[in-house]
$ cat model-v7.cif   # mmCIF, C-alpha atoms
data_input
loop_
_atom_site.label_atom_id
_atom_site.label_comp_id
_atom_site.auth_asym_id
_atom_site.auth_seq_id
_atom_site.Cartn_x
_atom_site.Cartn_y
_atom_site.Cartn_z
CA MET A 1 -8.18 -15.34 4.58
CA GLU A 2 -8.88 -13.24 1.52
CA ASN A 3 -12.59 -13.31 2.39
CA VAL A 4 -11.77 -12.09 5.91
CA SER A 5 -9.62 -9.25 4.56
CA ASN A 6 -12.21 -8.29 1.96
CA GLY A 7 -14.85 -8.22 4.68
CA TYR A 8 -12.69 -5.89 6.75
CA THR A 9 -12.15 -3.65 3.70
CA THR A 10 -15.91 -3.48 3.11
CA TYR A 11 -16.48 -2.60 6.75
CA SER A 12 -13.85 0.17 6.65
CA LEU A 13 -15.33 1.58 3.46
CA GLY A 14 -18.71 1.67 5.20
CA VAL A 15 -17.29 3.82 8.00
CA ILE A 16 -15.63 6.07 5.42
CA ALA A 17 -18.93 6.37 3.55
CA PHE A 18 -20.63 7.47 6.79
CA PHE A 19 -18.11 10.27 7.29
CA ILE A 20 -18.31 11.26 3.62
CA LEU A 21 -22.05 11.81 4.09
CA TYR A 22 -21.34 13.77 7.26
CA GLU A 23 -18.79 15.97 5.48
CA TRP A 24 -21.20 16.54 2.60
CA ALA A 25 -23.97 17.55 5.02
CA LYS A 26 -21.73 20.06 6.83
CA GLY A 27 -20.46 21.57 3.56
CA ALA A 28 -16.90 20.27 3.90
CA THR A 29 -16.83 19.15 0.25
CA LYS A 30 -17.94 22.46 -1.27
CA ALA A 31 -16.21 25.69 -2.33
CA GLY A 32 -13.06 23.94 -3.52
CA LYS A 33 -12.53 21.98 -0.31
CA LYS A 34 -12.87 18.78 -2.34
CA THR A 35 -12.13 18.50 -6.06
CA GLY A 36 -13.25 16.10 -8.74
CA LYS A 37 -9.73 14.71 -8.91
CA ASP A 38 -9.86 13.93 -5.18
CA TRP A 39 -12.86 11.70 -5.82
CA GLN A 40 -11.16 10.13 -8.85
CA MET A 41 -8.11 9.34 -6.71
CA LEU A 42 -10.36 7.63 -4.18
CA GLY A 43 -11.84 5.45 -6.90
CA ILE A 44 -8.43 4.46 -8.25
CA ALA A 45 -7.01 3.76 -4.79
CA VAL A 46 -9.96 1.65 -3.63
CA THR A 47 -9.98 -0.38 -6.85
CA TRP A 48 -6.24 -1.01 -6.77
CA LEU A 49 -6.13 -1.88 -3.07
CA HIS A 50 -9.20 -4.13 -3.10
CA PHE A 51 -8.58 -6.07 -6.31
CA ILE A 52 -4.80 -6.07 -6.69
CA GLU A 53 -2.63 -5.03 -3.78
CA ARG A 54 -4.45 -6.62 -0.83
CA PRO A 55 -4.96 -10.02 -2.54
CA LEU A 56 -1.29 -9.96 -3.57
CA LEU A 57 -0.27 -9.14 0.00
CA ILE A 58 -2.36 -11.99 1.40
CA LEU A 59 -0.98 -14.45 -1.16
CA SER A 60 2.63 -13.37 -0.59
CA SER A 61 2.51 -13.23 3.21
CA PHE A 62 0.68 -16.52 3.76
CA GLY A 63 2.78 -18.19 1.10
CA LEU A 64 5.97 -17.06 2.85
CA PHE A 65 4.73 -18.02 6.32
CA THR A 66 3.66 -21.45 5.08
CA LEU A 67 7.03 -21.99 3.43
CA LEU A 68 9.14 -20.84 6.40
CA MET A 69 7.12 -22.11 9.37
CA PRO A 70 4.38 -24.55 8.33
CA GLU A 71 4.30 -26.10 11.81
CA HIS A 72 3.37 -22.76 13.44
CA ALA A 73 0.02 -22.23 11.72
CA GLY A 74 -2.57 -21.48 14.41
CA VAL A 75 -0.21 -22.04 17.35
CA LEU A 76 -1.37 -18.91 19.20
CA ALA A 77 -5.07 -19.62 18.96
CA TRP A 78 -5.07 -20.30 22.71
CA LEU A 79 -4.04 -16.69 23.38
CA ASP A 80 -6.88 -15.53 21.16
CA ASP A 81 -9.30 -17.49 23.36
CA ARG A 82 -7.88 -16.83 26.84
CA HIS A 83 -6.27 -13.38 26.72
CA LEU A 84 -8.20 -11.48 24.09
CA ILE A 85 -8.04 -8.00 25.66
CA ALA A 86 -4.30 -8.24 26.38
CA GLY A 87 -3.76 -9.56 22.86
CA VAL A 88 -5.68 -6.67 21.27
CA ILE A 89 -3.72 -4.10 23.33
CA GLY A 90 -0.42 -5.73 22.39
CA PHE A 91 -1.44 -5.92 18.73
CA ILE A 92 -2.31 -2.19 18.60
CA LEU A 93 0.91 -1.19 20.38
CA ILE A 94 3.09 -3.19 17.97
CA ASP A 95 1.10 -2.32 14.84
CA GLU A 96 1.23 1.40 15.62
CA LEU A 97 4.93 1.21 16.40
CA LEU A 98 5.74 -0.45 13.07
CA HIS A 99 3.55 1.94 11.08
CA GLY A 100 4.91 4.97 12.93
CA TRP A 101 8.51 3.92 12.35
CA VAL A 102 8.04 3.63 8.59
CA HIS A 103 6.02 6.84 8.46
CA ASN A 104 8.70 8.68 10.41
CA PHE A 105 11.38 7.15 8.17
CA ALA A 106 9.51 8.35 5.07
CA HIS A 107 9.44 11.94 6.37
CA ALA A 108 12.98 12.01 7.78
CA ARG A 109 16.16 13.37 6.21
CA THR A 110 17.94 11.17 3.68
CA PRO A 111 20.22 8.62 5.44
CA ASN A 112 23.91 8.48 4.61
CA ASN A 113 23.75 4.73 4.02
CA PRO A 114 22.97 4.27 0.29
CA MET A 115 20.79 1.17 0.81
CA LEU A 116 18.74 2.91 3.50
CA ALA A 117 18.49 5.95 1.25
CA LYS A 118 17.03 3.80 -1.54
CA LEU A 119 14.58 2.17 0.86
CA GLN A 120 13.54 5.56 2.15
CA ARG A 121 13.07 6.83 -1.40
CA TRP A 122 10.61 4.00 -2.04
CA TYR A 123 8.58 4.89 1.03
CA LYS A 124 8.69 8.59 0.16
CA VAL A 125 7.36 8.18 -3.37
CA THR A 126 4.71 5.60 -2.45
CA HIS A 127 3.49 7.80 0.41
CA ARG A 128 3.54 11.06 -1.53
CA THR A 129 0.15 10.35 -3.11
CA HIS A 130 -1.45 10.47 0.34
CA HIS A 131 -0.50 14.14 0.67
CA LEU A 132 -1.62 15.29 -2.79
CA HIS A 133 -5.16 16.50 -2.23
CA GLY A 134 -7.01 19.70 -2.98
CA GLY A 135 -6.62 21.93 -6.02
CA ALA A 136 -4.13 24.54 -7.15
CA ASP A 137 -6.24 27.29 -5.52
CA ASN A 138 -5.11 26.15 -2.01
CA ARG A 139 -8.72 25.96 -0.82
CA GLY A 140 -8.68 22.19 -0.40
CA GLU A 141 -9.08 20.60 3.00
CA LEU A 142 -8.40 17.13 4.35
CA GLY A 143 -11.41 14.83 4.18
CA VAL A 144 -12.08 11.27 5.24
CA SER A 145 -11.77 9.88 1.69
CA GLN A 146 -8.05 10.63 1.82
CA THR A 147 -7.65 7.93 4.47
CA ILE A 148 -7.44 5.23 1.81
CA VAL A 149 -5.69 7.26 -0.91
CA VAL A 150 -2.10 6.02 -0.83
CA GLY A 151 0.24 5.24 -3.69
CA TRP A 152 0.50 1.71 -5.01
CA GLY A 153 3.08 -0.32 -3.12
CA TRP A 154 2.74 1.60 0.15
CA ALA A 155 0.38 -0.90 1.77
CA PHE A 156 2.22 -3.91 0.36
CA THR A 157 5.54 -2.85 1.91
CA LEU A 158 4.23 -1.62 5.27
CA PRO A 159 5.67 -3.93 7.98
CA ASN A 160 2.58 -3.53 10.19
CA TYR A 161 0.40 -5.07 7.45
CA TRP A 162 2.73 -8.08 7.28
CA PHE A 163 2.66 -8.24 11.07
CA GLY A 164 -1.14 -8.29 10.99
CA TYR A 165 -1.25 -11.22 8.56
CA LEU A 166 1.38 -13.01 10.64
CA CYS A 167 -0.99 -12.72 13.60
CA LEU A 168 -3.76 -14.23 11.47
CA TYR A 169 -1.49 -17.07 10.37
CA LEU A 170 -0.61 -17.81 14.00
CA GLY A 171 -4.29 -18.07 14.91
CA LEU A 172 -4.93 -14.64 16.43
CA PHE A 173 -8.11 -14.12 14.43
CA HIS A 174 -10.10 -12.08 16.95
CA VAL A 175 -7.03 -10.15 18.10
CA TRP A 176 -6.36 -9.11 14.52
CA ALA A 177 -10.00 -8.37 13.68
CA ILE A 178 -10.73 -6.27 16.77
CA GLY A 179 -7.34 -4.53 16.86
CA THR A 180 -7.49 -3.69 13.16
CA ALA A 181 -11.06 -2.41 13.48
CA ILE A 182 -10.12 -0.12 16.39
CA LYS A 183 -7.08 1.23 14.57
CA SER A 184 -9.01 1.63 11.32
CA ILE A 185 -11.91 3.53 12.87
CA TRP A 186 -9.57 5.80 14.81
CA GLY A 187 -7.45 6.50 11.73
CA ILE A 188 -10.53 7.21 9.64
CA HIS A 189 -11.76 9.70 12.23
CA THR A 190 -8.39 11.52 12.36
CA HIS A 191 -8.60 12.11 8.61
CA ALA A 192 -12.23 13.21 8.70
CA ASN A 193 -13.13 16.91 8.59
CA LEU A 194 -13.74 17.19 12.35
CA ASP A 195 -12.81 19.90 14.84
CA TYR A 196 -14.28 18.77 18.17
CA ASP A 197 -10.76 18.50 19.59
CA LEU A 198 -10.09 22.17 18.80
CA LYS A 199 -13.20 23.19 20.68
CA LEU A 200 -12.01 21.22 23.69
CA LEU A 201 -8.44 22.50 23.47
CA ASN A 202 -9.72 26.08 23.34
CA HIS A 203 -12.45 25.55 25.94
CA ARG A 204 -12.74 28.38 28.46
CA ASN A 205 -12.87 25.87 31.30
CA PRO A 206 -9.18 25.15 32.11
CA VAL A 207 -9.97 21.66 33.38
CA VAL A 208 -11.47 20.73 30.01
CA SER A 209 -8.71 22.38 27.94
CA LYS A 210 -5.86 20.94 30.03
CA THR A 211 -7.39 17.47 30.03
CA MET A 212 -7.67 17.58 26.24
CA TYR A 213 -4.09 18.85 25.97
CA ALA A 214 -2.91 15.90 28.08
CA LEU A 215 -4.92 13.44 25.96
CA CYS A 216 -3.22 14.81 22.81
CA HIS A 217 0.03 13.37 24.19
CA ILE A 218 -1.49 9.89 24.24
CA LEU A 219 -3.90 9.72 21.29
CA THR A 220 -3.87 11.37 17.88
CA PHE A 221 -6.86 13.63 17.25
CA PRO A 222 -8.10 15.12 13.95
CA THR A 223 -6.41 18.54 14.20
CA GLN A 224 -3.06 16.94 14.98
CA HIS A 225 -3.18 14.77 11.88
CA HIS A 226 -4.64 17.57 9.79
CA HIS A 227 -1.50 19.59 10.49
CA HIS A 228 0.52 16.63 9.22
CA HIS A 229 -1.38 17.09 5.95
CA SER A 230 -0.77 20.85 5.89
CA ARG A 231 1.80 22.97 4.11
CA SER A 232 3.49 24.24 7.26
CA PRO A 233 6.52 23.54 9.51
CA THR A 234 4.43 20.94 11.37
CA SER A 235 3.73 18.84 8.26
CA ALA A 236 6.50 16.42 9.29
CA CYS A 237 4.97 16.01 12.76
CA ASN A 238 2.09 13.94 14.16
CA LEU A 239 2.95 10.79 12.23
CA GLN A 240 0.85 8.29 14.17
CA ASN A 241 -2.70 7.45 13.16
CA MET A 242 -3.71 6.60 16.71
CA LEU A 243 -1.01 6.63 19.40
CA ALA A 244 0.47 10.12 19.75
CA LEU A 245 2.47 8.64 22.62
CA TYR A 246 5.03 7.47 20.05
CA ASP A 247 5.16 10.89 18.37
CA TRP A 248 5.84 12.41 21.77
CA LEU A 249 8.30 9.93 23.30
CA LEU A 250 9.95 8.12 20.36
CA TRP A 251 9.97 10.30 17.25
CA LYS A 252 9.95 13.63 19.16
CA LYS A 253 7.53 14.99 16.56
CA LEU A 254 4.40 15.78 18.52
CA ALA A 255 2.84 19.14 17.60
CA ILE A 256 -0.34 20.26 19.37
CA GLU A 257 -1.93 23.18 17.54
CA PHE A 258 -4.84 25.38 18.62
CA GLU A 259 -6.16 26.27 15.17
CA ARG A 260 -6.81 24.56 11.85
CA PRO A 261 -4.14 24.52 9.13
CA LYS A 262 -4.22 27.48 6.77
CA ILE A 263 -3.16 25.49 3.66
CA TYR A 264 -3.67 21.77 3.16
CA GLY A 265 -1.83 19.38 0.85
CA TRP A 266 1.63 19.33 -0.66
CA ARG A 267 2.48 21.28 -3.80
CA LYS A 268 1.91 19.26 -6.96
CA ASN A 269 3.88 19.53 -10.17
CA GLU A 270 2.00 20.23 -13.40
CA LYS A 271 1.59 16.56 -14.36
CA GLU A 272 0.35 15.62 -10.89
CA GLU A 273 -2.13 18.48 -10.97
CA ASN A 274 -3.55 17.54 -14.36
CA SER A 275 -3.54 13.73 -14.35
CA VAL A 276 -4.78 11.47 -11.57
CA LEU A 277 -3.28 8.44 -13.33
CA TYR A 278 0.13 10.07 -13.34
CA ARG A 279 -0.34 11.13 -9.72
CA TYR A 280 -1.17 7.60 -8.64
CA PHE A 281 1.10 5.43 -10.76
CA TYR A 282 4.27 7.42 -11.50
CA ARG A 283 7.27 6.52 -9.37
CA PRO A 284 10.23 8.95 -9.47
CA LEU A 285 12.61 6.55 -7.75
CA ARG A 286 15.68 8.57 -8.67
CA LYS A 287 16.05 11.71 -6.62
CA SER A 288 16.21 14.76 -8.87
#

$ encode --input "model-v7.cif" --output "structure tokens"
Amino acid sequence: MENVSNGYTTYSLGVIAFFILYEWAKGATKAGKKTGKDWQMLGIAVTWLHFIERPLLILSSFGLFTLLMPEHAGVLAWLDDRHLIAGVIGFILIDELLHGWVHNFAHARTPNNPMLAKLQRWYKVTHRTHHLHGGADNRGELGVSQTIVVGWGWAFTLPNYWFGYLCLYLGLFHVWAIGTAIKSIWGIHTHANLDYDLKLLNHRNPVVSKTMYALCHILTFPTQHHHHHSRSPTSACNLQNMLALYDWLLWKKLAIEFERPKIYGWRKNEKEENSVLYRYFYRPLRKS
């Protein structure tokens, strides 16, 4: 299974590399929009995820599944063969729901329950790295490389990743592979420096603009997620990578904007600004 996961990682990195070349060609990495530290963070994140965190996740999840339910290995392979499309749709719906719940939890107010507060603190600090991009001059913009820049421990403790490996253990190989590829490509494109959705939202033809506005209630488009990465009141909105339907109906945090964010990225303290190693590895688990 590690070979399967590594193959998927390589495939995702290939799509990211394509968009990196696109952003470079359009000038989206120049004039302070992308900094040297942004590229260093990408290198650290890819190395950590590929060689440490993902193999550990595979080992832990399959070890646990084998221990708890050895007789269930491959039992859903028949669904993979007979109902592939329905399986992929169901996988995406559940995966997005689990990811969106944790993402919403990480951006929500601190719970009164002390155990939930500690759990939330973990998700907050492991996710913070994903929002620290750009330089102190506030000229930075969100680019596709940020898709994979998350703090260590975030991926390992995401319930949708465990759900995905549970599907693999149960024999849903093609369901997992296709569903994960669809989600991955869509999530990569929402982080990329694209603005086609803005052009459609602001189109002078009302049929085009209203159709795009309606679609923004169902799917997440680049500008929506870019505002999640901004320094604005809407930075706690648009939490889903793909299904804005959950932002709209469940989390009540859908924000459809008609212009690009003015300032990207969260404010960094002095140590985070100066050291990518500190930015990636430090974990302030106690709330100051």

$ residues_around --input "model-v7.cif" --residues "Asn202 in chain A" --least-positions-apart "5" --cutoff "12 Å" --atoms "only C-alpha atoms" --output "MDAnalysis selection string"
chainID A and resid 195:197 207:213 256:260

$ resolve_selection --input "model-v7.cif" --expression "the PyMOL selection byres ((chain A and resi 28) around 10)" --output "ChimeraX atom specification"
/A:20-27,29-34,140-143,192-194

$ write_last_selection --input "model-v7.cif" --atoms "C-alpha atoms" --output "CSV table (one decimal), in the frame of the given file"
chain,number,residue,atom,x,y,z
A,20,ILE,CA,-18.3,11.3,3.6
A,21,LEU,CA,-22.0,11.8,4.1
A,22,TYR,CA,-21.3,13.8,7.3
A,23,GLU,CA,-18.8,16.0,5.5
A,24,TRP,CA,-21.2,16.5,2.6
A,25,ALA,CA,-24.0,17.6,5.0
A,26,LYS,CA,-21.7,20.1,6.8
A,27,GLY,CA,-20.5,21.6,3.6
A,29,THR,CA,-16.8,19.2,0.2
A,30,LYS,CA,-17.9,22.5,-1.3
A,31,ALA,CA,-16.2,25.7,-2.3
A,32,GLY,CA,-13.1,23.9,-3.5
A,33,LYS,CA,-12.5,22.0,-0.3
A,34,LYS,CA,-12.9,18.8,-2.3
A,140,GLY,CA,-8.7,22.2,-0.4
A,141,GLU,CA,-9.1,20.6,3.0
A,142,LEU,CA,-8.4,17.1,4.4
A,143,GLY,CA,-11.4,14.8,4.2
A,192,ALA,CA,-12.2,13.2,8.7
A,193,ASN,CA,-13.1,16.9,8.6
A,194,LEU,CA,-13.7,17.2,12.4

$ residues_around --input "model-v7.cif" --residues "Gly164 in chain A" --least-positions-apart "6" --cutoff "9 Å" --atoms "all atoms listed in the file" --output "list in words"
Phe91, Asp95, Trp176 and Thr180 of chain A

$ closest_residue --input "model-v7.cif" --among "A:Phe156, A:Phe221, A:Phe173, A:Trp251" --to "Leu84 in chain A" --atoms "all atoms listed in the file"
A:Phe173

$ atom_distance --input "model-v7.cif" --atom1 "CA of Tyr280 in chain A" --atom2 "CA of Ser235 in chain A"
20.9 Å

$ resolve_selection --input "model-v7.cif" --expression "the PyMOL selection byres ((chain A and resi 123-134) around 9)" --output "PDB file with C-alpha atoms, in the coordinates of the input"
ATOM      1  CA  GLY A  32     -13.060  23.940  -3.520  1.00  0.00           C
ATOM      2  CA  LYS A  33     -12.530  21.980  -0.310  1.00  0.00           C
ATOM      3  CA  LYS A  34     -12.870  18.780  -2.340  1.00  0.00           C
ATOM      4  CA  THR A  35     -12.130  18.500  -6.060  1.00  0.00           C
ATOM      5  CA  LYS A  37      -9.730  14.710  -8.910  1.00  0.00           C
ATOM      6  CA  ASP A  38      -9.860  13.930  -5.180  1.00  0.00           C
ATOM      7  CA  MET A  41      -8.110   9.340  -6.710  1.00  0.00           C
ATOM      8  CA  VAL A 102       8.040   3.630   8.590  1.00  0.00           C
ATOM      9  CA  HIS A 103       6.020   6.840   8.460  1.00  0.00           C
ATOM     10  CA  PHE A 105      11.380   7.150   8.170  1.00  0.00           C
ATOM     11  CA  ALA A 106       9.510   8.350   5.070  1.00  0.00           C
ATOM     12  CA  HIS A 107       9.440  11.940   6.370  1.00  0.00           C
ATOM     13  CA  LYS A 118      17.030   3.800  -1.540  1.00  0.00           C
ATOM     14  CA  LEU A 119      14.580   2.170   0.860  1.00  0.00           C
ATOM     15  CA  GLN A 120      13.540   5.560   2.150  1.00  0.00           C
ATOM     16  CA  ARG A 121      13.070   6.830  -1.400  1.00  0.00           C
ATOM     17  CA  TRP A 122      10.610   4.000  -2.040  1.00  0.00           C
ATOM     18  CA  GLY A 135      -6.620  21.930  -6.020  1.00  0.00           C
ATOM     19  CA  ALA A 136      -4.130  24.540  -7.150  1.00  0.00           C
ATOM     20  CA  ASP A 137      -6.240  27.290  -5.520  1.00  0.00           C
ATOM     21  CA  ASN A 138      -5.110  26.150  -2.010  1.00  0.00           C
ATOM     22  CA  ARG A 139      -8.720  25.960  -0.820  1.00  0.00           C
ATOM     23  CA  GLY A 140      -8.680  22.190  -0.400  1.00  0.00           C
ATOM     24  CA  GLU A 141      -9.080  20.600   3.000  1.00  0.00           C
ATOM     25  CA  LEU A 142      -8.400  17.130   4.350  1.00  0.00           C
ATOM     26  CA  GLN A 146      -8.050  10.630   1.820  1.00  0.00           C
ATOM     27  CA  THR A 147      -7.650   7.930   4.470  1.00  0.00           C
ATOM     28  CA  ILE A 148      -7.440   5.230   1.810  1.00  0.00           C
ATOM     29  CA  VAL A 149      -5.690   7.260  -0.910  1.00  0.00           C
ATOM     30  CA  VAL A 150      -2.100   6.020  -0.830  1.00  0.00           C
ATOM     31  CA  GLY A 151       0.240   5.240  -3.690  1.00  0.00           C
ATOM     32  CA  TRP A 152       0.500   1.710  -5.010  1.00  0.00           C
ATOM     33  CA  GLY A 153       3.080  -0.320  -3.120  1.00  0.00           C
ATOM     34  CA  TRP A 154       2.740   1.600   0.150  1.00  0.00           C
ATOM     35  CA  ALA A 155       0.380  -0.900   1.770  1.00  0.00           C
ATOM     36  CA  THR A 157       5.540  -2.850   1.910  1.00  0.00           C
ATOM     37  CA  LEU A 158       4.230  -1.620   5.270  1.00  0.00           C
ATOM     38  CA  HIS A 228       0.520  16.630   9.220  1.00  0.00           C
ATOM     39  CA  HIS A 229      -1.380  17.090   5.950  1.00  0.00           C
ATOM     40  CA  SER A 230      -0.770  20.850   5.890  1.00  0.00           C
ATOM     41  CA  TYR A 264      -3.670  21.770   3.160  1.00  0.00           C
ATOM     42  CA  GLY A 265      -1.830  19.380   0.850  1.00  0.00           C
ATOM     43  CA  TRP A 266       1.630  19.330  -0.660  1.00  0.00           C
ATOM     44  CA  ARG A 267       2.480  21.280  -3.800  1.00  0.00           C
ATOM     45  CA  LYS A 268       1.910  19.260  -6.960  1.00  0.00           C
ATOM     46  CA  GLU A 272       0.350  15.620 -10.890  1.00  0.00           C
ATOM     47  CA  GLU A 273      -2.130  18.480 -10.970  1.00  0.00           C
ATOM     48  CA  ARG A 279      -0.340  11.130  -9.720  1.00  0.00           C
ATOM     49  CA  TYR A 280      -1.170   7.600  -8.640  1.00  0.00           C
ATOM     50  CA  TYR A 282       4.270   7.420 -11.500  1.00  0.00           C
ATOM     51  CA  ARG A 283       7.270   6.520  -9.370  1.00  0.00           C
ATOM     52  CA  PRO A 284      10.230   8.950  -9.470  1.00  0.00           C
ATOM     53  CA  LEU A 285      12.610   6.550  -7.750  1.00  0.00           C
TER      54      LEU A 285
END

$ residues_around --input "model-v7.cif" --residues "His217 in chain A" --least-positions-apart "6" --cutoff "8 Å" --atoms "all atoms listed in the file" --output "list in words"
Ala244, Leu245, Trp248 and Leu254 of chain A

$ atom_distance --input "model-v7.cif" --atom1 "CA of Ala181 in chain A" --atom2 "CA of Cys237 in chain A"
24.4 Å

$ closest_residue --input "model-v7.cif" --among "A:Leu277, A:Ala214, A:Leu250, A:Ile58" --to "Leu168 in chain A" --atoms "all atoms listed in the file"
A:Ile58

$ resolve_selection --input "model-v7.cif" --expression "the PyMOL selection byres ((chain A and resi 52-55) around 9)" --output "PyMOL selection string"
chain A and resi 2+5-6+47-51+56-60+152-153+155-156

$ atom_distance --input "model-v7.cif" --atom1 "CA of His189 in chain A" --atom2 "CA of Ser12 in chain A"
11.2 Å

$ residues_around --input "model-v7.cif" --residues "Ser61 in chain A" --least-positions-apart "4" --cutoff "8 Å" --atoms "only C-alpha atoms" --output "MDAnalysis selection string"
chainID A and resid 57 65 162 165:166

$ build_atoms --input "model-v7.cif" --residues "range 92-107 of chain A" --atoms "N, CA and C atoms" --output "PDB file, in the coordinates of the input"
ATOM      1  N   ILE A  92      -2.240  -3.621  18.949  1.00  0.00           N
ATOM      2  CA  ILE A  92      -2.310  -2.190  18.600  1.00  0.00           C
ATOM      3  C   ILE A  92      -0.984  -1.502  18.881  1.00  0.00           C
ATOM      4  N   LEU A  93      -0.366  -1.816  20.021  1.00  0.00           N
ATOM      5  CA  LEU A  93       0.910  -1.190  20.380  1.00  0.00           C
ATOM      6  C   LEU A  93       1.994  -1.525  19.344  1.00  0.00           C
ATOM      7  N   ILE A  94       2.065  -2.779  18.936  1.00  0.00           N
ATOM      8  CA  ILE A  94       3.090  -3.190  17.970  1.00  0.00           C
ATOM      9  C   ILE A  94       2.767  -2.669  16.578  1.00  0.00           C
ATOM     10  N   ASP A  95       1.509  -2.792  16.161  1.00  0.00           N
ATOM     11  CA  ASP A  95       1.100  -2.320  14.840  1.00  0.00           C
ATOM     12  C   ASP A  95       1.368  -0.832  14.676  1.00  0.00           C
ATOM     13  N   GLU A  96       0.996  -0.039  15.670  1.00  0.00           N
ATOM     14  CA  GLU A  96       1.230   1.400  15.620  1.00  0.00           C
ATOM     15  C   GLU A  96       2.715   1.742  15.624  1.00  0.00           C
ATOM     16  N   LEU A  97       3.495   0.984  16.363  1.00  0.00           N
ATOM     17  CA  LEU A  97       4.930   1.210  16.400  1.00  0.00           C
ATOM     18  C   LEU A  97       5.559   0.968  15.027  1.00  0.00           C
ATOM     19  N   LEU A  98       5.188  -0.134  14.379  1.00  0.00           N
ATOM     20  CA  LEU A  98       5.740  -0.450  13.070  1.00  0.00           C
ATOM     21  C   LEU A  98       5.320   0.575  12.015  1.00  0.00           C
ATOM     22  N   HIS A  99       4.030   0.941  12.032  1.00  0.00           N
ATOM     23  CA  HIS A  99       3.550   1.940  11.080  1.00  0.00           C
ATOM     24  C   HIS A  99       4.210   3.281  11.333  1.00  0.00           C
ATOM     25  N   GLY A 100       4.306   3.682  12.598  1.00  0.00           N
ATOM     26  CA  GLY A 100       4.910   4.970  12.930  1.00  0.00           C
ATOM     27  C   GLY A 100       6.377   5.040  12.550  1.00  0.00           C
ATOM     28  N   TRP A 101       7.091   3.922  12.712  1.00  0.00           N
ATOM     29  CA  TRP A 101       8.510   3.920  12.350  1.00  0.00           C
ATOM     30  C   TRP A 101       8.699   4.172  10.863  1.00  0.00           C
ATOM     31  N   VAL A 102       7.930   3.452  10.038  1.00  0.00           N
ATOM     32  CA  VAL A 102       8.040   3.630   8.590  1.00  0.00           C
ATOM     33  C   VAL A 102       7.596   5.034   8.182  1.00  0.00           C
ATOM     34  N   HIS A 103       6.518   5.512   8.789  1.00  0.00           N
ATOM     35  CA  HIS A 103       6.020   6.840   8.460  1.00  0.00           C
ATOM     36  C   HIS A 103       7.046   7.911   8.835  1.00  0.00           C
ATOM     37  N   ASN A 104       7.656   7.755   9.993  1.00  0.00           N
ATOM     38  CA  ASN A 104       8.700   8.680  10.410  1.00  0.00           C
ATOM     39  C   ASN A 104       9.907   8.598   9.477  1.00  0.00           C
ATOM     40  N   PHE A 105      10.264   7.390   9.098  1.00  0.00           N
ATOM     41  CA  PHE A 105      11.380   7.150   8.170  1.00  0.00           C
ATOM     42  C   PHE A 105      11.118   7.827   6.825  1.00  0.00           C
ATOM     43  N   ALA A 106       9.869   7.762   6.364  1.00  0.00           N
ATOM     44  CA  ALA A 106       9.510   8.350   5.070  1.00  0.00           C
ATOM     45  C   ALA A 106       9.600   9.872   5.091  1.00  0.00           C
ATOM     46  N   HIS A 107       9.416  10.489   6.263  1.00  0.00           N
ATOM     47  CA  HIS A 107       9.440  11.940   6.370  1.00  0.00           C
ATOM     48  C   HIS A 107      10.764  12.485   6.912  1.00  0.00           C
TER      49      HIS A 107
END
